[in-house]
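The structure file run-v1.cif is reproduced below (mmCIF, C-alpha atoms).
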```cif
data_structure
loop_
_atom_site.label_atom_id
_atom_site.label_comp_id
_atom_site.auth_asym_id
_atom_site.auth_seq_id
_atom_site.Cartn_x
_atom_site.Cartn_y
_atom_site.Cartn_z
CA MET A 284 16.63 7.02 -49.13
CA LEU A 285 18.09 3.54 -49.62
CA SER A 286 15.89 0.47 -49.48
CA ASP A 287 16.70 -2.28 -46.97
CA GLN A 288 18.26 -4.42 -49.70
CA GLN A 289 20.33 -1.52 -51.02
CA SER A 290 21.59 -0.65 -47.54
CA LEU A 291 22.68 -4.27 -47.01
CA VAL A 292 24.69 -4.20 -50.24
CA VAL A 293 26.17 -0.80 -49.36
CA ARG A 294 27.41 -2.09 -45.98
CA ALA A 295 28.94 -5.14 -47.67
CA LYS A 296 30.71 -2.92 -50.21
CA GLN A 297 32.00 -0.68 -47.42
CA TYR A 298 33.45 -3.76 -45.71
CA ALA A 299 34.99 -4.89 -49.00
CA ARG A 300 36.53 -1.45 -49.57
CA GLY A 301 37.94 -1.61 -46.05
CA VAL A 302 39.63 -4.90 -46.97
CA VAL A 303 41.27 -3.29 -50.00
CA HIS A 304 42.30 -0.19 -48.02
CA ARG A 305 43.94 -2.33 -45.34
CA LEU A 306 45.91 -4.11 -48.06
CA ALA A 307 46.86 -0.82 -49.69
CA ARG A 308 48.30 0.49 -46.43
CA ARG A 309 50.78 -2.36 -46.29
CA PRO A 310 53.65 -2.31 -48.80
CA GLY A 311 54.09 -5.66 -50.45
CA ALA A 312 53.83 -5.29 -54.23
CA VAL A 313 56.21 -7.66 -56.02
CA GLY A 314 56.99 -9.05 -59.43
CA ARG A 315 57.68 -12.77 -59.37
CA ARG A 316 57.90 -15.63 -61.83
CA LEU A 317 56.36 -18.82 -60.42
CA LYS A 318 57.40 -22.14 -61.95
CA GLY A 319 56.09 -25.57 -61.00
CA LEU A 320 53.76 -28.44 -61.88
CA GLU A 321 50.08 -27.73 -62.49
CA ARG A 322 47.94 -29.00 -59.63
CA THR A 323 45.70 -31.47 -61.51
CA CYS A 324 47.90 -32.90 -64.29
CA SER A 325 51.51 -32.23 -63.19
CA ALA A 326 52.38 -30.52 -66.48
CA PRO A 327 54.87 -27.61 -66.33
CA LEU A 328 53.29 -24.21 -65.68
CA CYS A 329 54.88 -20.77 -65.45
CA ILE A 330 52.99 -17.74 -64.06
CA GLU A 331 54.27 -14.19 -63.86
CA TYR A 332 52.65 -12.43 -60.92
CA GLN A 333 52.71 -8.65 -60.54
CA GLY A 334 50.96 -7.60 -57.35
CA ASP A 335 50.70 -7.70 -53.59
CA SER A 336 52.72 -10.54 -52.08
CA ARG A 337 49.87 -11.49 -49.70
CA HIS A 338 47.76 -12.76 -52.60
CA ALA A 339 50.51 -14.98 -54.02
CA PRO A 340 49.95 -17.96 -51.65
CA TYR A 341 46.31 -18.31 -52.75
CA LEU A 342 47.35 -18.24 -56.41
CA GLU A 343 50.09 -20.79 -55.77
CA ALA A 344 47.70 -23.18 -53.99
CA LEU A 345 45.17 -22.80 -56.79
CA ALA A 346 47.59 -23.45 -59.65
CA PHE A 347 50.41 -25.71 -58.45
CA ARG A 348 50.67 -29.22 -57.04
CA ARG A 349 53.30 -28.10 -54.53
CA ARG A 350 54.99 -24.82 -53.73
CA PRO A 351 56.54 -23.51 -56.96
CA GLU A 352 59.96 -22.08 -57.59
CA SER A 353 59.83 -18.30 -57.24
CA GLU A 354 62.22 -15.75 -58.67
CA PRO A 355 61.94 -11.93 -58.72
CA VAL A 356 61.37 -10.08 -61.98
CA SER A 357 61.63 -6.35 -62.68
CA GLY A 358 58.73 -4.92 -64.61
CA VAL A 359 56.32 -6.92 -66.74
CA GLN A 360 58.32 -9.47 -68.73
CA ARG A 361 55.41 -11.28 -70.48
CA GLU A 362 57.50 -14.43 -70.88
CA ALA A 363 55.33 -16.74 -68.77
CA ASP A 364 52.38 -18.93 -69.80
CA LEU A 365 50.03 -16.72 -67.76
CA LEU A 366 50.41 -13.08 -66.75
CA VAL A 367 48.55 -12.14 -63.54
CA THR A 368 48.55 -8.43 -62.69
CA GLU A 369 46.92 -6.68 -59.74
CA GLY A 370 44.91 -3.58 -60.57
CA ARG A 371 41.51 -1.97 -60.93
CA HIS A 372 38.79 -2.80 -63.40
CA LYS A 373 38.70 -1.25 -66.85
CA ARG A 374 37.70 -2.50 -70.27
CA ALA A 375 38.78 -6.12 -70.81
CA GLY A 376 39.96 -7.68 -74.06
CA ASP A 377 39.01 -10.97 -75.69
CA ASP A 378 41.95 -12.82 -74.10
CA ARG A 379 42.06 -10.82 -70.86
CA PHE A 380 39.79 -11.18 -67.84
CA PHE A 381 39.38 -9.09 -64.71
CA ILE A 382 38.71 -11.17 -61.59
CA PRO A 383 37.71 -9.17 -58.49
CA PHE A 384 39.54 -10.06 -55.30
CA TRP A 385 36.23 -10.71 -53.54
CA ILE A 386 32.58 -11.17 -54.36
CA GLY A 387 29.67 -10.80 -51.95
CA THR A 388 26.62 -13.07 -51.81
CA GLU A 389 23.22 -12.70 -50.20
CA VAL A 390 20.70 -15.36 -49.18
CA ASP A 391 16.94 -15.31 -48.68
CA ILE A 392 16.74 -16.92 -45.24
CA THR A 393 13.05 -17.94 -45.41
CA ALA A 394 13.44 -19.63 -48.80
CA MET A 395 16.70 -21.27 -47.72
CA VAL A 396 15.21 -22.86 -44.60
CA GLN A 397 12.01 -23.98 -46.33
CA GLN A 398 13.94 -25.64 -49.15
CA SER A 399 16.30 -27.27 -46.66
CA ARG A 400 13.40 -28.85 -44.76
CA ASN A 401 12.29 -30.61 -47.93
CA SER A 402 15.78 -31.60 -49.06
CA LYS A 403 17.08 -35.15 -48.72
CA ALA A 404 20.66 -33.84 -48.62
CA ALA A 405 19.76 -31.48 -45.76
CA ARG A 406 18.21 -34.30 -43.75
CA GLU A 407 21.33 -36.42 -44.29
CA ASN A 408 23.49 -33.50 -43.15
CA GLN A 409 21.43 -33.09 -39.97
CA TYR A 410 21.96 -36.79 -39.19
CA ARG A 411 25.73 -36.32 -39.60
CA PHE A 412 25.67 -33.22 -37.40
CA ARG A 413 23.94 -35.15 -34.59
CA ARG A 414 26.41 -38.02 -34.87
CA ARG A 415 29.32 -35.61 -34.50
CA ALA A 416 27.68 -33.79 -31.58
CA PHE A 417 27.74 -30.42 -33.33
CA SER A 418 25.97 -27.55 -31.59
CA LEU A 419 25.84 -23.77 -31.83
CA THR A 420 26.60 -21.31 -29.05
CA VAL A 421 25.91 -17.57 -29.22
CA GLN A 422 28.17 -15.08 -27.42
CA ARG A 423 27.71 -11.32 -27.05
CA GLN A 424 30.16 -10.24 -24.34
CA PRO A 425 33.16 -8.12 -25.47
CA GLU A 426 35.57 -10.41 -23.59
CA GLN A 427 34.26 -13.40 -25.57
CA LEU A 428 34.78 -11.49 -28.82
CA ALA A 429 38.33 -10.63 -27.74
CA ARG A 430 39.07 -14.28 -26.96
CA TYR A 431 37.66 -15.33 -30.35
CA PHE A 432 39.94 -12.78 -32.04
CA ARG A 433 43.04 -14.17 -30.33
CA THR A 434 42.29 -17.91 -30.60
CA MET A 435 40.39 -18.23 -33.90
CA HIS A 436 40.07 -15.19 -36.16
CA HIS A 437 43.63 -13.83 -36.04
CA PRO A 438 45.38 -17.26 -36.28
CA TYR A 439 43.14 -18.31 -39.17
CA VAL A 440 43.31 -15.26 -41.47
CA THR A 441 47.04 -14.68 -40.90
CA GLY A 442 47.97 -18.36 -41.26
CA PRO A 443 48.94 -20.23 -44.43
CA HIS A 444 45.30 -21.20 -45.15
CA GLY A 445 43.77 -17.77 -44.55
CA ASP A 446 44.02 -14.31 -46.07
CA PRO A 447 45.36 -11.30 -44.14
CA GLY A 448 43.08 -9.01 -46.14
CA LEU A 449 40.11 -10.24 -44.10
CA LEU A 450 41.70 -9.44 -40.75
CA LEU A 451 39.74 -7.25 -38.34
CA SER A 452 41.56 -5.60 -35.46
CA GLU A 453 40.61 -6.59 -31.91
CA ALA A 454 39.15 -3.11 -31.40
CA GLU A 455 37.01 -3.44 -34.55
CA MET A 456 35.78 -6.83 -33.44
CA THR A 457 34.71 -5.78 -29.95
CA ALA A 458 33.10 -2.53 -31.13
CA ALA A 459 29.31 -2.27 -31.55
CA ALA A 460 28.81 -5.38 -29.40
CA ALA A 461 25.17 -4.42 -28.79
CA ASN A 462 24.26 -5.22 -32.43
CA ARG A 463 26.73 -8.07 -32.88
CA GLU A 464 26.74 -11.77 -32.08
CA LEU A 465 29.55 -14.30 -32.11
CA LEU A 466 28.38 -17.71 -33.33
CA LEU A 467 30.60 -20.65 -32.39
CA LEU A 468 30.20 -24.19 -33.64
CA CYS A 469 31.16 -26.73 -30.98
CA ALA A 470 32.06 -30.39 -31.41
CA GLY A 471 30.95 -31.69 -28.06
CA ASP A 472 32.13 -28.97 -25.68
CA VAL A 473 35.01 -27.72 -27.83
CA PRO A 474 34.54 -24.65 -30.11
CA VAL A 475 36.06 -25.39 -33.53
CA CYS A 476 34.98 -22.53 -35.82
CA GLY A 477 32.81 -19.43 -35.92
CA HIS A 478 31.94 -16.05 -37.41
CA LEU A 479 30.30 -12.75 -36.49
CA LEU A 480 26.75 -11.60 -37.16
CA ASP A 481 25.88 -7.90 -37.40
CA TYR A 482 22.20 -6.93 -37.36
CA ARG A 483 20.21 -4.10 -38.86
CA ARG A 484 16.42 -4.44 -38.60
CA ASP A 485 15.52 -7.72 -40.37
CA GLN A 486 18.89 -8.11 -42.08
CA ALA A 487 22.23 -9.56 -41.03
CA THR A 488 25.80 -9.58 -42.31
CA ILE A 489 28.24 -12.46 -41.71
CA SER A 490 31.93 -11.59 -41.36
CA ALA A 491 35.22 -12.36 -39.59
CA PRO A 492 35.57 -16.14 -40.06
CA GLY A 493 37.75 -18.06 -37.64
CA ILE A 494 38.96 -21.60 -36.95
CA ARG A 495 40.44 -22.87 -33.71
CA ASP A 496 44.20 -22.21 -33.64
CA GLY A 497 43.94 -21.30 -37.34
CA ASP A 498 44.17 -25.01 -38.22
CA PRO A 499 41.63 -26.17 -40.89
CA ARG A 500 41.89 -29.74 -39.55
CA HIS A 501 39.67 -28.62 -36.66
CA ALA A 502 36.93 -27.71 -39.14
CA ARG A 503 36.84 -31.00 -41.05
CA ASN A 504 34.01 -33.55 -41.02
CA GLY A 505 31.43 -31.01 -42.12
CA ALA A 506 32.00 -28.44 -39.36
CA LEU A 507 31.86 -25.41 -41.65
CA ARG A 508 28.72 -26.71 -43.36
CA ALA A 509 27.19 -27.28 -39.93
CA LEU A 510 28.10 -23.72 -38.90
CA TYR A 511 26.14 -22.27 -41.83
CA HIS A 512 23.25 -24.69 -41.28
CA PHE A 513 22.83 -23.65 -37.64
CA THR A 514 23.42 -19.98 -38.50
CA PHE A 515 20.52 -19.96 -40.97
CA ARG A 516 18.21 -21.61 -38.42
CA HIS A 517 19.30 -19.06 -35.80
CA LEU A 518 18.60 -16.18 -38.19
CA GLU A 519 15.16 -17.56 -39.04
CA GLN A 520 14.28 -17.72 -35.34
CA ARG A 521 15.34 -14.08 -34.98
CA GLY A 522 13.06 -13.05 -37.85
CA VAL A 523 15.89 -12.15 -40.24
CA ARG A 524 14.76 -12.22 -43.87
CA ARG A 525 18.05 -11.70 -45.71
CA ALA A 526 21.69 -12.17 -44.84
CA HIS A 527 24.83 -11.05 -46.59
CA LEU A 528 27.19 -14.03 -46.45
CA GLY A 529 30.41 -12.06 -46.41
CA LEU A 530 33.21 -12.19 -48.94
CA SER A 531 34.33 -15.16 -51.06
CA ARG A 532 37.01 -15.73 -53.66
CA PRO A 533 35.49 -15.63 -57.18
CA PHE A 534 36.47 -19.17 -58.22
CA PHE A 535 33.48 -21.50 -58.50
CA ASP A 536 35.33 -24.40 -56.87
CA ASP A 537 36.51 -22.31 -53.92
CA ALA A 538 35.43 -24.06 -50.71
CA ALA A 539 33.96 -20.92 -49.12
CA LEU A 540 31.86 -20.10 -52.20
CA GLN A 541 30.66 -23.70 -52.46
CA LEU A 542 29.47 -23.60 -48.84
CA LYS A 543 27.31 -20.58 -49.72
CA HIS A 544 26.00 -21.95 -53.03
CA HIS A 545 22.24 -22.55 -52.88
CA PRO A 546 19.22 -21.80 -55.10
CA SER A 547 18.32 -19.00 -52.65
CA THR A 548 21.78 -17.38 -52.89
CA ARG A 549 22.64 -14.58 -55.29
CA VAL A 550 25.79 -12.61 -56.06
CA THR A 551 25.24 -8.98 -55.05
CA ASP A 552 28.55 -7.11 -55.23
CA SER A 553 32.28 -7.30 -55.84
CA THR A 554 35.43 -5.30 -55.24
CA GLY A 555 36.71 -2.96 -57.94
CA HIS A 556 40.24 -4.09 -57.11
CA GLY A 557 41.39 -7.47 -58.36
CA LEU A 558 43.58 -9.45 -60.74
CA TRP A 559 43.94 -9.31 -64.51
CA LEU A 560 44.43 -12.76 -66.07
CA GLU A 561 46.13 -12.67 -69.45
CA PRO A 562 47.03 -16.04 -71.03
CA ARG A 563 50.24 -15.80 -73.03
CA ARG A 564 51.09 -19.36 -74.11
CA TYR A 565 48.49 -22.12 -74.14
CA ASN A 566 50.58 -25.12 -73.15
CA VAL A 567 49.11 -28.19 -71.45
CA GLY A 568 49.66 -26.85 -67.92
CA LEU A 569 47.84 -23.58 -68.57
CA LYS A 570 44.97 -25.33 -70.38
CA ARG A 571 44.42 -27.68 -67.44
CA PHE A 572 44.54 -24.77 -65.00
CA LEU A 573 41.90 -22.82 -66.92
CA VAL A 574 39.61 -25.81 -67.54
CA ARG A 575 39.72 -26.90 -63.88
CA ASN A 576 39.22 -23.43 -62.40
CA PRO A 577 36.15 -21.63 -63.81
CA PHE A 578 35.80 -18.18 -62.31
CA ILE A 579 33.64 -15.06 -62.00
CA ALA A 580 34.82 -12.02 -63.97
CA ARG A 581 33.66 -8.44 -64.36
CA GLU A 582 31.47 -7.58 -67.35
CA GLY A 583 30.81 -3.86 -67.51
CA LYS A 584 29.17 -3.03 -64.18
CA GLY A 585 28.03 -6.63 -63.70
CA LEU A 586 29.58 -10.07 -63.38
CA LYS A 587 29.71 -13.18 -65.54
CA GLY A 588 30.85 -16.75 -65.16
CA VAL A 589 33.75 -17.89 -67.36
CA VAL A 590 34.36 -21.55 -68.19
CA PHE A 591 36.82 -23.16 -70.60
CA VAL A 592 36.83 -26.34 -72.69
CA ASP A 593 39.49 -27.96 -74.87
CA ASP A 594 40.08 -31.17 -76.84
CA PHE A 595 40.63 -33.19 -73.64
CA GLU A 596 37.39 -31.94 -72.07
CA PRO A 597 35.18 -30.72 -74.97
CA VAL A 598 31.98 -30.37 -72.90
CA VAL A 599 31.26 -29.04 -69.41
CA PRO A 600 30.11 -31.84 -67.07
CA GLN A 601 26.54 -31.36 -65.88
CA LYS A 602 27.60 -31.34 -62.22
CA ARG A 603 30.02 -28.49 -62.88
CA MET A 604 27.46 -26.57 -64.92
CA THR A 605 25.09 -26.73 -61.93
CA ARG A 606 27.76 -25.12 -59.75
CA LEU A 607 28.19 -22.34 -62.30
CA ARG A 608 24.56 -21.21 -62.16
CA LEU A 609 24.62 -18.47 -59.56
CA ALA A 610 21.81 -15.94 -59.42
CA GLY A 611 23.07 -12.39 -59.85
CA LEU A 612 25.45 -13.19 -62.71
CA ASN A 613 24.65 -11.73 -66.13
CA ALA A 614 25.58 -14.91 -67.97
CA ILE A 615 27.98 -17.83 -68.29
CA GLU A 616 30.40 -17.60 -71.20
CA LEU A 617 32.02 -20.69 -72.67
CA TYR A 618 35.46 -20.40 -74.28
CA ARG A 619 37.32 -22.98 -76.37
CA LEU A 620 41.06 -23.04 -75.82
CA PRO A 621 43.28 -23.02 -78.93
CA ARG A 622 45.01 -26.18 -80.09
CA VAL A 623 48.34 -24.40 -80.61
CA ALA A 624 50.28 -22.61 -77.88
CA GLU A 625 50.24 -19.23 -79.66
CA GLY A 626 46.57 -19.40 -80.68
CA ALA A 627 43.62 -17.29 -79.52
CA LEU A 628 40.57 -17.95 -77.39
CA THR A 629 37.20 -18.47 -79.07
CA CYS A 630 33.90 -17.70 -77.34
CA VAL A 631 31.62 -20.56 -78.38
CA GLY A 632 28.56 -19.94 -76.22
CA ARG A 633 26.78 -17.64 -73.81
CA ILE A 634 24.03 -18.70 -71.41
CA ALA A 635 21.98 -15.82 -70.01
CA LEU A 636 20.95 -16.22 -66.36
#
```
Please go through the file and, once you have read it, give me the structure as structure tokens.
Amino acid sequence: MLSDQQSLVVRAKQYARGVVHRLARRPGAVGRRLKGLERTCSAPLCIEYQGDSRHAPYLEALAFRRRPESEPVSGVQREADLLVTEGRHKRAGDDRFFIPFWIGTEVDITAMVQQSRNSKAARENQYRFRRRAFSLTVQRQPEQLARYFRTMHHPYVTGPHGDPGLLLSEAEMTAAAANRELLLLCAGDVPVCGHLLDYRRDQATISAPGIRDGDPRHARNGALRALYHFTFRHLEQRGVRRAHLGLSRPFFDDAALQLKHHPSTRVTDSTGHGLWLEPRRYNVGLKRFLVRNPFIAREGKGLKGVVFVDDFEPVVPQKRMTRLRLAGLNAIELYRLPRVAEGALTCVGRIAL
């Protein structure tokens, strides 16, 4: 018999497996060499990507200042600065990391709300929310769910800023409406973003994000932060103790993961399908990419944070280190990048969490 907490994690993993299965049903595996300027320093960067074409846009936005040149390659050429290969988790090497496609996080609602009441930042956020006339509406009718699918969820996850892997069908969205709520954040009278809540006893799972017309500009000015703020208050009023916050990309600076980061949040699960990152040539572009994008990687059956330093940034800024401390991770490992392009990584520290 599973405990309540175990059943919550199991349902989240089932959803995550469904994401991977939906991707697997759609042919799209490619081999491409991506060439462009690294996003933060404009140094040349070349990435060889072997995997599903639907994940390439996220990688491109993460690594490059603007859309890179793309050319097909047959097989694994290993001539790029960084080799990124889609696959399943197995034993990693010293210079090779497995990054799951998605990680799941869970929050203690009672602790979250109590800490927010005593937080200066939370009070400032509430003032901003009132100024912008943000409010939350709750919908339960199947026709409202169908409208949300057509006007928010589908345009967002299939658009250039979303991810098709998160797409629910209209039938899936309108099913089980008795135990499901649609939460919409409105600016004035206009809905701008939302997500679904599924309930089981005193637990809830958040899924199916959506933004009006799929355009992130509608969710600026703190709208997404306001959506989570009002969602947690709504869950507290319903007597929900824990909530699974859905799936996030495993990069610490990812906007969705940052929205969910809180002392009461912990990482609970991850997909077994993901990307292998294998640095091949440590030029300036690759070093900047690694230093500026710390990530969560598999470590045995658990997860760890991975952060890099080099001669240009020999220590991790305190603000970034705070973002790296996520409950549920085994540890944070610190790696020093080599000074020469053909050198090797050196693990210089490990902080147990």
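Residues matched by the PyMOL selection byres ((chain A and resi 416) around 8) in this file: Phe412, Arg413, Arg414, Arg415, Phe417, Ser418, Cys469, Ala470 and Gly471 of chain A.
Between atom CA of Glu343 of chain A and atom CA of Glu362 of chain A lies a distance of 18.0 Å.
Interatomic distance, atom CA of Pro425 of chain A to atom CA of Leu479 of chain A: 12.3 Å.
Put simply, atom CA of Asn462 of chain A is 21.0 Å away from atom CA of Gly387 of chain A.
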Taking a cut-off of 7 Å and counting only C-alpha atoms, can you build a table that, for each residue of segment 569-614 of chain A near segment 528-544 of chain A, reports the nearest atom pair and how far apart they are in Å (one decimal), sorted by chain then residue number, as JSON lines?
```
{"residue": "A:Asn576", "atom": "CA", "partner": "A:Phe534", "partner_atom": "CA", "distance": 6.6}
{"residue": "A:Pro577", "atom": "CA", "partner": "A:Phe535", "partner_atom": "CA", "distance": 5.9}
{"residue": "A:Phe578", "atom": "CA", "partner": "A:Phe534", "partner_atom": "CA", "distance": 4.3}
{"residue": "A:Ile579", "atom": "CA", "partner": "A:Pro533", "partner_atom": "CA", "distance": 5.2}
{"residue": "A:Arg606", "atom": "CA", "partner": "A:Phe535", "partner_atom": "CA", "distance": 6.9}
{"residue": "A:Leu607", "atom": "CA", "partner": "A:Phe535", "partner_atom": "CA", "distance": 6.6}
```
Export of the given selection (C-alpha atoms) as an mmCIF file, keeping the file's coordinate frame:
```
data_model
loop_
_atom_site.group_PDB
_atom_site.id
_atom_site.type_symbol
_atom_site.label_atom_id
_atom_site.label_comp_id
_atom_site.auth_asym_id
_atom_site.auth_seq_id
_atom_site.Cartn_x
_atom_site.Cartn_y
_atom_site.Cartn_z
ATOM 1 C CA ASN A 576 39.220 -23.430 -62.400
ATOM 2 C CA PRO A 577 36.150 -21.630 -63.810
ATOM 3 C CA PHE A 578 35.800 -18.180 -62.310
ATOM 4 C CA ILE A 579 33.640 -15.060 -62.000
ATOM 5 C CA ARG A 606 27.760 -25.120 -59.750
ATOM 6 C CA LEU A 607 28.190 -22.340 -62.300
#
```
* Run the PyMOL selection byres ((chain A and resi 432) around 10) on the file and write out the hits as a ChimeraX atom specification. => /A:426-431,433-439,450-454,456-457,491-493
Neighbour list for Leu468 of chain A as a CSV table (one decimal) with C-alpha atoms, in the coordinates of the input, cut-off 7 Å, all atoms listed in the file, skip fewer than 6 positions in-chain:
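Listed below is the output, around_6.csv:
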```csv
chain,number,residue,atom,x,y,z
A,417,PHE,CA,27.7,-30.4,-33.3
A,418,SER,CA,26.0,-27.6,-31.6
A,419,LEU,CA,25.8,-23.8,-31.8
A,420,THR,CA,26.6,-21.3,-29.0
A,474,PRO,CA,34.5,-24.6,-30.1
A,475,VAL,CA,36.1,-25.4,-33.5
A,476,CYS,CA,35.0,-22.5,-35.8
A,477,GLY,CA,32.8,-19.4,-35.9
A,510,LEU,CA,28.1,-23.7,-38.9
```
* Structure fact -> Restricting to all atoms listed in the file, whichever of A:Tyr511, A:Phe380, A:Asp335, A:Phe347 is closest to Gln409 of chain A is A:Tyr511
